[in-house]
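Structure file input.tsv; described as TSV, C-alpha atoms and all ligand atoms.
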chain	number	residue	atom	x	y	z
A	1	MET	CA	21.82	-11.51	-42.50
A	2	SER	CA	23.43	-14.80	-41.67
A	3	SER	CA	21.15	-17.18	-39.80
A	4	LYS	CA	24.33	-19.14	-39.03
A	5	VAL	CA	25.64	-16.41	-36.73
A	6	PRO	CA	24.09	-16.53	-33.23
A	7	ALA	CA	22.00	-13.46	-32.38
A	8	PRO	CA	24.12	-10.97	-30.41
A	9	ILE	CA	21.16	-9.86	-28.25
A	10	VAL	CA	18.16	-11.92	-27.14
A	11	TRP	CA	15.49	-10.85	-24.65
A	12	LYS	CA	14.03	-13.97	-23.09
A	13	ASN	CA	12.18	-14.75	-19.84
A	14	ASN	CA	12.72	-11.19	-18.62
A	15	VAL	CA	16.51	-11.25	-18.90
A	16	MET	CA	18.89	-10.27	-21.68
A	17	LEU	CA	21.20	-12.81	-23.26
A	18	LEU	CA	24.29	-11.40	-24.94
A	19	LEU	CA	26.62	-13.33	-27.20
A	20	ASP	CA	30.05	-12.78	-25.62
A	21	GLN	CA	31.82	-11.23	-28.63
A	22	ARG	CA	35.13	-11.22	-26.75
A	23	LEU	CA	35.32	-14.99	-27.20
A	24	LEU	CA	34.54	-15.12	-30.93
A	25	PRO	CA	35.33	-16.84	-33.19
A	26	VAL	CA	36.63	-19.55	-30.86
A	27	GLU	CA	33.59	-19.88	-28.60
A	28	GLU	CA	29.92	-19.02	-29.10
A	29	GLN	CA	28.79	-18.36	-25.54
A	30	MET	CA	25.73	-16.44	-24.34
A	31	LEU	CA	25.99	-14.42	-21.10
A	32	THR	CA	22.90	-13.79	-18.97
A	33	ILE	CA	22.47	-10.12	-18.14
A	34	SER	CA	19.97	-9.56	-15.31
A	35	THR	CA	20.70	-6.06	-14.00
A	36	ILE	CA	21.36	-2.57	-15.38
A	37	GLU	CA	24.86	-2.77	-13.89
A	38	GLU	CA	25.57	-5.93	-15.86
A	39	ALA	CA	24.22	-4.26	-19.02
A	40	HIS	CA	26.44	-1.22	-18.41
A	41	ASP	CA	29.54	-3.36	-17.88
A	42	ALA	CA	28.77	-5.57	-20.90
A	43	ILE	CA	28.77	-2.43	-23.08
A	44	ARG	CA	31.89	-1.01	-21.41
A	45	ASP	CA	33.79	-4.30	-21.63
A	46	MET	CA	32.65	-4.98	-25.20
A	47	VAL	CA	30.77	-8.22	-24.56
A	48	VAL	CA	28.39	-6.46	-26.94
A	49	ARG	CA	29.66	-3.84	-29.38
A	50	GLY	CA	28.88	-2.04	-32.60
A	51	ALA	CA	26.90	1.19	-32.43
A	52	PRO	CA	23.37	-0.20	-33.11
A	53	CYS	CA	23.77	-3.16	-30.73
A	54	ILE	CA	25.06	-0.89	-27.99
A	55	GLY	CA	21.86	1.16	-28.38
A	56	PHE	CA	19.59	-1.92	-28.27
A	57	THR	CA	21.41	-3.27	-25.21
A	58	ALA	CA	20.78	0.04	-23.46
A	59	ILE	CA	17.02	-0.19	-24.06
A	60	TYR	CA	16.89	-3.63	-22.47
A	61	GLY	CA	19.27	-2.38	-19.74
A	62	LEU	CA	16.64	0.22	-18.83
A	63	ALA	CA	14.03	-2.53	-18.79
A	64	LEU	CA	16.20	-4.50	-16.35
A	65	TRP	CA	16.40	-1.47	-14.09
A	66	LEU	CA	12.60	-1.10	-14.19
A	67	LYS	CA	12.29	-4.80	-13.32
A	68	SER	CA	14.30	-4.20	-10.16
A	69	GLN	CA	11.99	-1.39	-8.92
A	70	ARG	CA	8.87	-1.64	-6.78
A	71	SER	CA	7.29	1.52	-8.18
A	72	TYR	CA	7.91	3.93	-11.03
A	73	SER	CA	9.80	7.13	-10.22
A	74	PRO	CA	10.49	9.35	-13.27
A	75	GLN	CA	13.42	10.99	-11.42
A	76	GLU	CA	15.07	7.67	-10.54
A	77	PHE	CA	14.50	6.44	-14.10
A	78	LYS	CA	16.39	9.47	-15.42
A	79	LYS	CA	19.27	8.73	-13.04
A	80	ALA	CA	19.43	5.14	-14.27
A	81	ALA	CA	19.48	6.42	-17.86
A	82	THR	CA	22.33	8.83	-17.11
A	83	TYR	CA	24.33	5.99	-15.56
A	84	LEU	CA	23.86	3.81	-18.63
A	85	LYS	CA	24.85	6.63	-21.01
A	86	GLY	CA	28.29	6.66	-19.39
A	87	ALA	CA	29.15	3.11	-20.52
A	88	ARG	CA	30.94	4.22	-23.73
A	89	PRO	CA	31.29	7.75	-25.11
A	90	THR	CA	31.61	7.68	-28.90
A	91	ALA	CA	28.67	5.75	-30.38
A	92	VAL	CA	25.78	8.21	-30.30
A	93	ASN	CA	23.30	5.34	-30.71
A	94	LEU	CA	23.69	4.72	-26.97
A	95	MET	CA	22.57	8.25	-26.09
A	96	PHE	CA	20.03	8.35	-28.94
A	97	GLU	CA	18.17	5.20	-27.85
A	98	ILE	CA	18.23	6.16	-24.16
A	99	GLU	CA	16.94	9.68	-24.86
A	100	ARG	CA	14.28	8.30	-27.21
A	101	VAL	CA	13.03	5.81	-24.59
A	102	LEU	CA	13.10	8.47	-21.83
A	103	SER	CA	11.02	10.85	-23.87
A	104	ALA	CA	8.54	8.15	-24.97
A	105	VAL	CA	8.12	6.98	-21.36
A	106	GLU	CA	7.77	10.57	-20.13
A	107	LYS	CA	4.99	11.26	-22.65
A	108	ARG	CA	3.06	8.11	-21.80
A	109	PHE	CA	3.50	7.51	-18.07
A	110	THR	CA	3.37	9.45	-14.81
A	111	ALA	CA	4.58	8.78	-11.28
A	112	SER	CA	1.28	6.99	-10.65
A	113	SER	CA	1.77	4.51	-13.51
A	114	THR	CA	2.55	0.95	-12.53
A	115	ILE	CA	6.13	-0.22	-12.86
A	116	HIS	CA	4.82	-3.27	-14.69
A	117	ASP	CA	3.28	-1.13	-17.45
A	118	VAL	CA	6.45	0.94	-17.92
A	119	PHE	CA	8.58	-2.22	-17.96
A	120	ASN	CA	6.37	-3.86	-20.61
A	121	PHE	CA	6.45	-0.71	-22.71
A	122	VAL	CA	10.26	-0.54	-22.69
A	123	VAL	CA	10.71	-4.24	-23.50
A	124	THR	CA	8.23	-3.95	-26.39
A	125	ASP	CA	10.11	-0.88	-27.60
A	126	GLY	CA	13.42	-2.79	-27.60
A	127	ASP	CA	11.86	-5.61	-29.63
A	128	ALA	CA	10.36	-3.08	-32.05
A	129	GLN	CA	13.65	-1.24	-32.61
A	130	ILE	CA	15.48	-4.46	-33.49
A	131	ALA	CA	12.63	-5.51	-35.79
A	132	ALA	CA	12.60	-2.10	-37.52
A	133	SER	CA	16.33	-2.21	-38.12
A	134	ILE	CA	15.94	-5.28	-40.37
A	135	ASP	CA	13.93	-3.17	-42.77
A	136	ASN	CA	16.23	-0.16	-42.38
A	137	ASN	CA	19.41	-2.18	-42.99
A	138	THR	CA	17.88	-3.73	-46.11
A	139	LYS	CA	16.96	-0.29	-47.47
A	140	MET	CA	20.53	0.94	-46.96
A	141	ALA	CA	21.97	-2.13	-48.66
A	142	ALA	CA	19.65	-1.71	-51.64
A	143	THR	CA	20.63	1.97	-51.96
A	144	ALA	CA	24.33	1.09	-51.81
A	145	LEU	CA	24.05	-1.68	-54.39
A	146	ALA	CA	22.11	0.63	-56.71
A	147	ALA	CA	24.94	3.19	-56.47
A	148	LEU	CA	27.49	0.49	-57.32
A	149	THR	CA	25.41	-0.81	-60.21
A	150	GLU	CA	25.11	2.69	-61.63
A	151	LYS	CA	28.90	2.99	-61.59
A	152	TYR	CA	30.02	-0.54	-62.47
A	153	GLY	CA	27.05	-2.26	-64.09
A	154	GLU	CA	26.04	-5.77	-63.00
A	155	ARG	CA	29.49	-7.34	-62.66
A	156	PRO	CA	30.71	-8.94	-59.41
A	157	LEU	CA	32.66	-6.49	-57.28
A	158	THR	CA	35.75	-6.37	-55.13
A	159	LEU	CA	34.91	-4.59	-51.88
A	160	MET	CA	36.81	-3.57	-48.79
A	161	THR	CA	35.63	-2.93	-45.24
A	162	HIS	CA	36.96	-1.95	-41.82
A	163	CYS	CA	35.97	-3.16	-38.33
A	164	ASN	CA	32.78	-5.20	-37.92
A	165	THR	CA	29.46	-3.77	-39.01
A	166	GLY	CA	27.45	-6.93	-39.60
A	167	PHE	CA	24.87	-9.02	-37.78
A	168	LEU	CA	27.06	-8.99	-34.66
A	169	ALA	CA	27.17	-5.18	-34.56
A	170	CYS	CA	23.56	-4.54	-35.55
A	171	GLY	CA	21.51	-7.56	-34.49
A	172	THR	CA	20.16	-7.67	-38.03
A	173	LEU	CA	21.59	-7.60	-41.56
A	174	GLY	CA	24.25	-5.01	-40.72
A	175	THR	CA	25.25	-1.67	-42.20
A	176	ALA	CA	28.49	-1.70	-44.25
A	177	LEU	CA	28.81	-5.47	-43.94
A	178	GLY	CA	25.08	-5.68	-44.61
A	179	VAL	CA	25.75	-4.13	-48.02
A	180	ILE	CA	28.28	-6.89	-48.68
A	181	SER	CA	25.88	-9.67	-47.54
A	182	TYR	CA	23.08	-8.19	-49.62
A	183	ALA	CA	25.32	-7.92	-52.70
A	184	HIS	CA	26.63	-11.46	-52.13
A	185	ALA	CA	23.05	-12.82	-52.04
A	186	ARG	CA	22.66	-11.31	-55.53
A	187	LYS	CA	25.94	-12.83	-56.74
A	188	ARG	CA	27.61	-9.45	-56.93
A	189	VAL	CA	30.65	-10.06	-54.70
A	190	ALA	CA	33.88	-11.38	-56.18
A	191	MET	CA	36.15	-10.66	-53.21
A	192	VAL	CA	36.18	-8.83	-49.88
A	193	TYR	CA	39.23	-7.35	-48.19
A	194	ALA	CA	38.59	-7.11	-44.45
A	195	ASP	CA	40.91	-4.98	-42.34
A	196	GLU	CA	42.01	-6.95	-39.28
A	197	THR	CA	41.23	-3.80	-37.23
A	198	ARG	CA	43.97	-3.44	-34.64
A	199	PRO	CA	44.08	-3.67	-31.73
A	200	TYR	CA	40.75	-5.33	-30.91
A	201	MET	CA	40.66	-7.41	-34.10
A	202	GLN	CA	36.99	-6.86	-34.94
A	203	GLY	CA	37.93	-7.56	-38.56
A	204	SER	CA	39.92	-10.78	-38.20
A	205	ARG	CA	37.76	-12.15	-35.35
A	206	LEU	CA	34.25	-10.98	-36.18
A	207	THR	CA	33.98	-9.82	-39.80
A	208	ALA	CA	35.94	-12.84	-41.03
A	209	TYR	CA	33.71	-15.08	-38.87
A	210	GLU	CA	30.58	-13.60	-40.47
A	211	LEU	CA	31.97	-13.67	-44.02
A	212	GLY	CA	33.05	-17.28	-43.54
A	213	LYS	CA	29.63	-18.34	-42.21
A	214	GLU	CA	28.03	-16.81	-45.30
A	215	GLY	CA	30.51	-18.31	-47.74
A	216	ILE	CA	31.72	-14.93	-48.99
A	217	PRO	CA	35.30	-15.02	-50.35
A	218	TYR	CA	37.60	-12.84	-48.29
A	219	ASN	CA	41.15	-12.02	-47.34
A	220	ILE	CA	42.03	-10.37	-44.04
A	221	VAL	CA	44.55	-7.56	-44.51
A	222	VAL	CA	46.46	-5.48	-41.99
A	223	GLU	CA	45.60	-1.78	-41.93
A	224	GLY	CA	49.16	-0.97	-42.96
A	225	ALA	CA	48.49	-2.78	-46.26
A	226	ALA	CA	45.84	-0.22	-47.31
A	227	SER	CA	48.06	1.40	-49.93
A	228	TYR	CA	49.13	-1.96	-51.35
A	229	VAL	CA	45.58	-3.34	-51.45
A	230	LEU	CA	44.08	-0.23	-53.02
A	231	SER	CA	46.78	0.04	-55.67
A	232	HIS	CA	47.05	-3.69	-56.55
A	233	GLN	CA	43.80	-5.53	-55.88
A	234	ASN	CA	41.26	-3.68	-58.08
A	235	VAL	CA	39.05	-2.66	-55.17
A	236	ASP	CA	35.82	-1.15	-56.55
A	237	ALA	CA	34.56	0.46	-53.35
A	238	ILE	CA	35.05	0.65	-49.59
A	239	PHE	CA	32.17	0.43	-47.10
A	240	VAL	CA	32.47	1.38	-43.43
A	241	GLY	CA	30.00	2.01	-40.63
A	242	ALA	CA	29.76	4.91	-38.20
A	243	ASP	CA	29.58	5.53	-34.50
A	244	ARG	CA	28.62	9.18	-34.86
A	245	ILE	CA	28.05	11.34	-37.92
A	246	ALA	CA	28.22	15.11	-37.36
A	247	ALA	CA	25.94	17.62	-39.10
A	248	ASN	CA	28.54	18.28	-41.82
A	249	GLY	CA	29.09	14.57	-42.53
A	250	ASP	CA	32.35	14.16	-40.59
A	251	THR	CA	32.20	10.57	-39.36
A	252	ALA	CA	33.60	8.94	-36.24
A	253	ASN	CA	34.25	5.25	-36.73
A	254	LYS	CA	36.70	2.58	-35.60
A	255	VAL	CA	40.28	3.84	-35.46
A	256	GLY	CA	41.95	3.36	-38.83
A	257	THR	CA	38.88	4.41	-40.83
A	258	ALA	CA	40.24	7.90	-41.51
A	259	THR	CA	43.60	6.51	-42.64
A	260	LEU	CA	41.82	4.19	-45.07
A	261	ALA	CA	39.76	7.11	-46.40
A	262	ILE	CA	42.91	9.17	-46.99
A	263	VAL	CA	44.53	6.34	-48.94
A	264	ALA	CA	41.28	5.72	-50.86
A	265	LYS	CA	41.17	9.38	-51.88
A	266	HIS	CA	44.75	9.12	-53.14
A	267	TYR	CA	43.87	6.19	-55.40
A	268	GLY	CA	40.40	7.50	-56.36
A	269	ILE	CA	38.49	4.59	-54.79
A	270	PRO	CA	34.88	5.34	-53.74
A	271	PHE	CA	34.52	5.45	-49.94
A	272	TYR	CA	31.02	5.02	-48.48
A	273	VAL	CA	29.70	5.34	-44.93
A	274	VAL	CA	26.58	3.28	-44.16
A	275	ALA	CA	24.71	3.97	-40.91
A	276	PRO	CA	21.18	4.29	-39.52
A	277	LEU	CA	19.77	7.71	-38.59
A	278	SER	CA	20.33	6.76	-34.93
A	279	SER	CA	24.07	7.23	-35.62
A	280	PHE	CA	23.61	10.87	-36.75
A	281	ASP	CA	24.27	13.71	-34.32
A	282	PHE	CA	22.94	16.95	-35.76
A	283	ASN	CA	23.80	18.74	-32.52
A	284	MET	CA	27.46	18.30	-33.41
A	285	ALA	CA	28.37	20.83	-36.11
A	286	ASP	CA	31.47	18.93	-37.19
A	287	GLY	CA	33.63	16.04	-36.09
A	288	SER	CA	36.00	18.10	-33.93
A	289	GLY	CA	33.63	17.91	-30.94
A	290	ILE	CA	33.16	14.14	-30.97
A	291	GLU	CA	34.54	12.47	-27.86
A	292	ILE	CA	36.94	9.71	-28.84
A	293	GLU	CA	37.04	6.76	-26.46
A	294	LEU	CA	40.53	6.04	-25.14
A	295	ARG	CA	40.74	2.39	-24.21
A	296	HIS	CA	43.18	0.57	-21.95
A	297	GLU	CA	46.77	0.38	-23.18
A	298	ASP	CA	46.88	-3.37	-22.50
A	299	GLU	CA	44.84	-3.92	-25.69
A	300	ILE	CA	48.00	-2.83	-27.53
A	301	LEU	CA	50.78	-3.93	-25.19
A	302	SER	CA	49.52	-7.51	-24.87
A	303	TYR	CA	47.93	-10.07	-27.12
A	304	LYS	CA	45.64	-12.68	-25.54
A	305	ASN	CA	47.07	-11.82	-22.12
A	306	HIS	CA	50.59	-12.36	-23.43
A	307	ARG	CA	52.79	-9.27	-23.17
A	308	VAL	CA	54.29	-8.38	-26.56
A	309	ALA	CA	55.77	-4.95	-25.72
A	310	PRO	CA	58.79	-4.42	-23.44
A	311	PRO	CA	57.91	-4.27	-19.73
A	312	GLU	CA	58.35	-0.49	-19.60
A	313	GLY	CA	56.43	0.07	-22.87
A	314	ARG	CA	53.41	2.38	-22.78
A	315	ALA	CA	50.70	2.80	-25.40
A	316	LEU	CA	48.10	5.32	-26.54
A	317	ASN	CA	44.88	3.59	-27.55
A	318	PRO	CA	42.28	5.84	-29.23
A	319	SER	CA	39.47	3.52	-30.24
A	320	PHE	CA	37.96	5.75	-32.94
A	321	ASP	CA	38.96	8.46	-35.38
A	322	VAL	CA	37.06	11.03	-37.40
A	323	THR	CA	36.99	10.89	-41.18
A	324	PRO	CA	36.49	14.38	-42.65
A	325	SER	CA	33.40	14.50	-44.88
A	326	SER	CA	35.58	15.74	-47.76
A	327	LEU	CA	37.00	12.21	-48.01
A	328	ILE	CA	33.60	10.50	-48.12
A	329	THR	CA	32.02	9.66	-51.48
A	330	GLY	CA	28.58	9.08	-50.00
A	331	ILE	CA	26.72	8.62	-46.72
A	332	ILE	CA	23.89	6.11	-46.88
A	333	CYS	CA	21.10	5.72	-44.33
A	334	GLU	CA	17.62	4.19	-44.39
A	335	THR	CA	16.16	7.25	-46.10
A	336	GLY	CA	18.67	7.52	-48.92
A	337	ILE	CA	22.14	8.64	-49.93
A	338	VAL	CA	23.97	11.96	-49.80
A	339	THR	CA	26.98	12.16	-52.07
A	340	LYS	CA	29.80	14.65	-51.44
A	341	PRO	CA	28.39	15.29	-47.93
A	342	ASN	CA	28.54	18.72	-46.34
A	343	THR	CA	26.31	20.60	-43.93
A	344	GLU	CA	23.95	21.80	-46.63
A	345	ARG	CA	23.62	18.49	-48.43
A	346	MET	CA	23.15	16.60	-45.13
A	347	GLN	CA	19.96	18.61	-44.42
A	348	ILE	CA	18.01	16.05	-46.42
A	349	PHE	CA	18.64	13.52	-43.65
A	350	LYS	CA	17.60	16.02	-41.01
A	351	ARG	CA	14.27	16.62	-42.66
A	352	ALA	CA	13.68	12.93	-43.23
A	353	PRO	CA	10.84	11.32	-41.25
A	401	LIG	O1	34.49	-0.60	-30.65
A	401	LIG	P1	33.40	-1.20	-31.47
A	401	LIG	O2	33.67	-2.60	-31.90
A	401	LIG	O3	32.04	-1.05	-30.81
A	401	LIG	O4	33.39	-0.30	-32.76
A	401	LIG	C1	32.48	-0.57	-33.77
A	401	LIG	C2	32.65	0.29	-34.94
A	401	LIG	O5	33.44	1.20	-34.98
A	401	LIG	C3	31.72	0.02	-36.07
A	401	LIG	O6	32.35	0.26	-37.27
A	401	LIG	C4	30.53	0.97	-35.89
A	401	LIG	O7	30.01	0.86	-34.60
A	401	LIG	C5	29.47	0.71	-36.84
A	401	LIG	S1	28.58	-0.76	-36.42
A	401	LIG	C6	27.34	-0.90	-37.53
Could the structure of this file be written out as C-alpha cells, please?
Amino acid sequence: MSSKVPAPIVWKNNVMLLLDQRLLPVEEQMLTISTIEEAHDAIRDMVVRGAPCIGFTAIYGLALWLKSQRSYSPQEFKKAATYLKGARPTAVNLMFEIERVLSAVEKRFTASSTIHDVFNFVVTDGDAQIAASIDNNTKMAATALAALTEKYGERPLTLMTHCNTGFLACGTLGTALGVISYAHARKRVAMVYADETRPYMQGSRLTAYELGKEGIPYNIVVEGAASYVLSHQNVDAIFVGADRIAANGDTANKVGTATLAIVAKHYGIPFYVVAPLSSFDFNMADGSGIEIELRHEDEILSYKNHRVAPPEGRALNPSFDVTPSSLITGIICETGIVTKPNTERMQIFKRAP
C-alpha cells in the first residue's frame, strides 16, 4: 500500500469523500458525496472505480440514504439498495456488498428500530470491510509471491499487469497491483509492464501513478504490444484483477484482459487472477452469463474532449471481457490459490469460511 497515494474513499463527519479518479494523475481532488444519488452517480461516472472500491462506496451510499430518512422502513431500504445496484453491472462486488448489508440489517433490525441505530451499524460495517480488506489483500499477495518463489526462486522478477488494481481500486494494498507492491517491498521486482488500458487509461493514468509513487520501475505499454512484450521482455508472470469470477473460474475483467491471456498462453507465460471472495459469483455457472458494461462511445471517439475520430465515426465500447478459465494459471483469493481452475477445483473457495 502506498501511503503517498490519497485514500480513494474516506468517511468523515457523516459524509463520504471520494478521490476524483477521473482527474488523476494531474489533480488530486476529493469530492464530497452527501446523498445516495451522488454515490450512485459517482460509481456510474467512475469518480470511484475498481470492483472492491465500488462495493465499499455502495455501503456508505446506503448509510447516506439512511441519514436522509426520519424512520427506518425495511421496504424503502430495499428499494434504495436496488437503485444503487443499478449503478454499474459487471463488478459483482457492488451487488455482493449491498446484499450482505441488506441481510445483516434485516437480521438485526425491525421496522421499530431507530434510524440512528441502523445508520451507525451500516457506517461501522463499511469501516470494518475496508479494514478487513487490508488483511485479505496482504494474504493474497503473500500467496502469489510464494507461487512465484516456488517457480523462480528468490530473484527479482519482471511482471506485467492490466488496468488498475491497486490502492485506488481497493482502498487498501490492492489485488494484482498489491502483489507487485508486496513483492517490491521485498526487493523482488525488477520491472513492471503496465498496459495503458484503452480507452479509459486506467493503466497509464492510475497504475503508473501508483507505481511511480512507490518507486517501482515500470514501462507503460499499449495493449497491442502484448505479443512483442511477452516475446521480448522476459516477463515472468502476469497479474490481473477481476470484476466477477464465475463458478468455473471464467473471469470478467477490464477489456483487453482476455486478449492478454490468449497471448500469454501462446508464449507460455503464467497468467494469474487475484481477487477477494467478494468478486466471486458462484450463482453464475460460467462466464457466458456475465453482463458486460457497454460504455459511451465518446470514450473512444474523443480524447480529453478532443474528437479524434471522423465526425460520422461510431464506436462500440465494451468495458470488460471474459477470460476463459482454461487460460488462467491460477486464481488467488484471501483463502488460497486454485491452479488450473475449473468448476470442481473452484469448490475449495466455495467451502471457504
Ligand atoms: O472500469 P473499472 O476501472 O472499474 O475496471 C476495473 C477493473 O477492471 C479492475 O481490473 C477490477 O475491478 C479489479 S480491481 C481490484
Exercise for review: Could you give me, as number ranges by chain, the residues within 6 Å of region 111-118 of chain A, counting all atoms listed in the file and dropping anything in the same chain fewer than 5 positions from it?
Suggested key: A: 71-73
Using all atoms listed in the file, what does the table of chain A residues within 9 Å of ligand LIG 401 (chain A) look like, with each row giving the shortest atom pair and its distance in Å to one decimal, sorted by chain and ascending number, as a tab-separated table?
residue	atom	partner	partner_atom	distance
A:Ile43	CA	A:LIG401	O3	8.5
A:Met46	CA	A:LIG401	O3	6.9
A:Val48	CA	A:LIG401	O3	7.6
A:Arg49	CA	A:LIG401	O3	3.9
A:Gly50	CA	A:LIG401	O7	3.7
A:Ala51	CA	A:LIG401	O7	3.8
A:Pro52	CA	A:LIG401	C6	6.0
A:Cys53	CA	A:LIG401	S1	7.8
A:Ile54	CA	A:LIG401	O3	7.5
A:Arg88	CA	A:LIG401	O3	8.9
A:Thr90	CA	A:LIG401	O1	8.9
A:Ala91	CA	A:LIG401	O7	6.6
A:Asn93	CA	A:LIG401	O7	9.0
A:His162	CA	A:LIG401	O6	6.8
A:Cys163	CA	A:LIG401	O6	5.1
A:Asn164	CA	A:LIG401	O6	5.5
A:Thr165	CA	A:LIG401	C6	3.9
A:Gly166	CA	A:LIG401	C6	6.4
A:Phe167	CA	A:LIG401	C6	8.5
A:Leu168	CA	A:LIG401	S1	8.6
A:Ala169	CA	A:LIG401	S1	5.0
A:Cys170	CA	A:LIG401	C6	5.6
A:Gly174	CA	A:LIG401	C6	6.1
A:Thr175	CA	A:LIG401	C6	5.2
A:Ala176	CA	A:LIG401	C6	6.9
A:Leu177	CA	A:LIG401	C6	8.0
A:Gly178	CA	A:LIG401	C6	8.8
A:Tyr200	CA	A:LIG401	O2	7.7
A:Met201	CA	A:LIG401	O2	8.8
A:Gln202	CA	A:LIG401	O2	6.2
A:Val240	CA	A:LIG401	O6	6.3
A:Gly241	CA	A:LIG401	C5	4.0
A:Ala242	CA	A:LIG401	C5	4.4
A:Asp243	CA	A:LIG401	O7	4.7
A:Arg244	CA	A:LIG401	O7	8.4
A:Ala252	CA	A:LIG401	O5	7.8
A:Asn253	CA	A:LIG401	O5	4.5
A:Lys254	CA	A:LIG401	O5	3.6
A:Val255	CA	A:LIG401	O5	7.3
A:Thr257	CA	A:LIG401	O6	8.5
A:Val274	CA	A:LIG401	C6	7.9
A:Ala275	CA	A:LIG401	C6	6.5
A:Pro276	CA	A:LIG401	C6	8.3
A:Ser279	CA	A:LIG401	C5	8.6
A:Glu293	CA	A:LIG401	O1	8.8
A:Ser319	CA	A:LIG401	O1	6.5
A:Phe320	CA	A:LIG401	O5	6.7
Practice item. Work out how far apart CA of Arg100 (chain A) and CA of Val5 (chain A) are and give it in Å to one decimal. Key: 28.8 Å
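Proximity ranking of A:Gly330, A:Gly203, A:Pro318, A:Gly313 relative to Tyr218 (chain A) places A:Gly203 first, based on all atoms listed in the file.
The spacing separating CA of Leu277 (chain A) from CA of Glu334 (chain A) amounts to 7.1 Å.
Minimum atom-to-atom distance to Tyr60 (chain A), evaluated using all atoms listed in the file, belongs to A:Val123 out of A:Met95, A:Ala87, A:Ala142, A:Val123.
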**Study point:** Spatial neighbours of region 247-250 of chain A, max dist 8 Å, only C-alpha atoms, sep filter under 5 positions, as a PyMOL selection string
**Key:** chain A and resi 280-287+322-325+331+341-344+346
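Across the model, the gap from CA of Asn14 (chain A) to CA of Val105 (chain A) is 18.9 Å.
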Check your understanding: Hey, what's within 8 Å of region 24-37 of chain A if we count all atoms listed in the file and toss same-chain stuff fewer than 2 positions away? As an MDAnalysis selection string, please?
Key -> chainID A and resid 6 15:22 39:41 61:62 64:65 68 84 205:206 209
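Comparing A:Ile300, A:Thr339, A:Gly153, A:Asp127 by their smallest distance to Lys12 (chain A), the closest is A:Asp127 (using all atoms listed in the file).
Of the listed residues (A:Ile245, A:Ala226, A:Met160, A:Ala128), A:Ala226 comes nearest to His266 (chain A); the distances count all atoms listed in the file.
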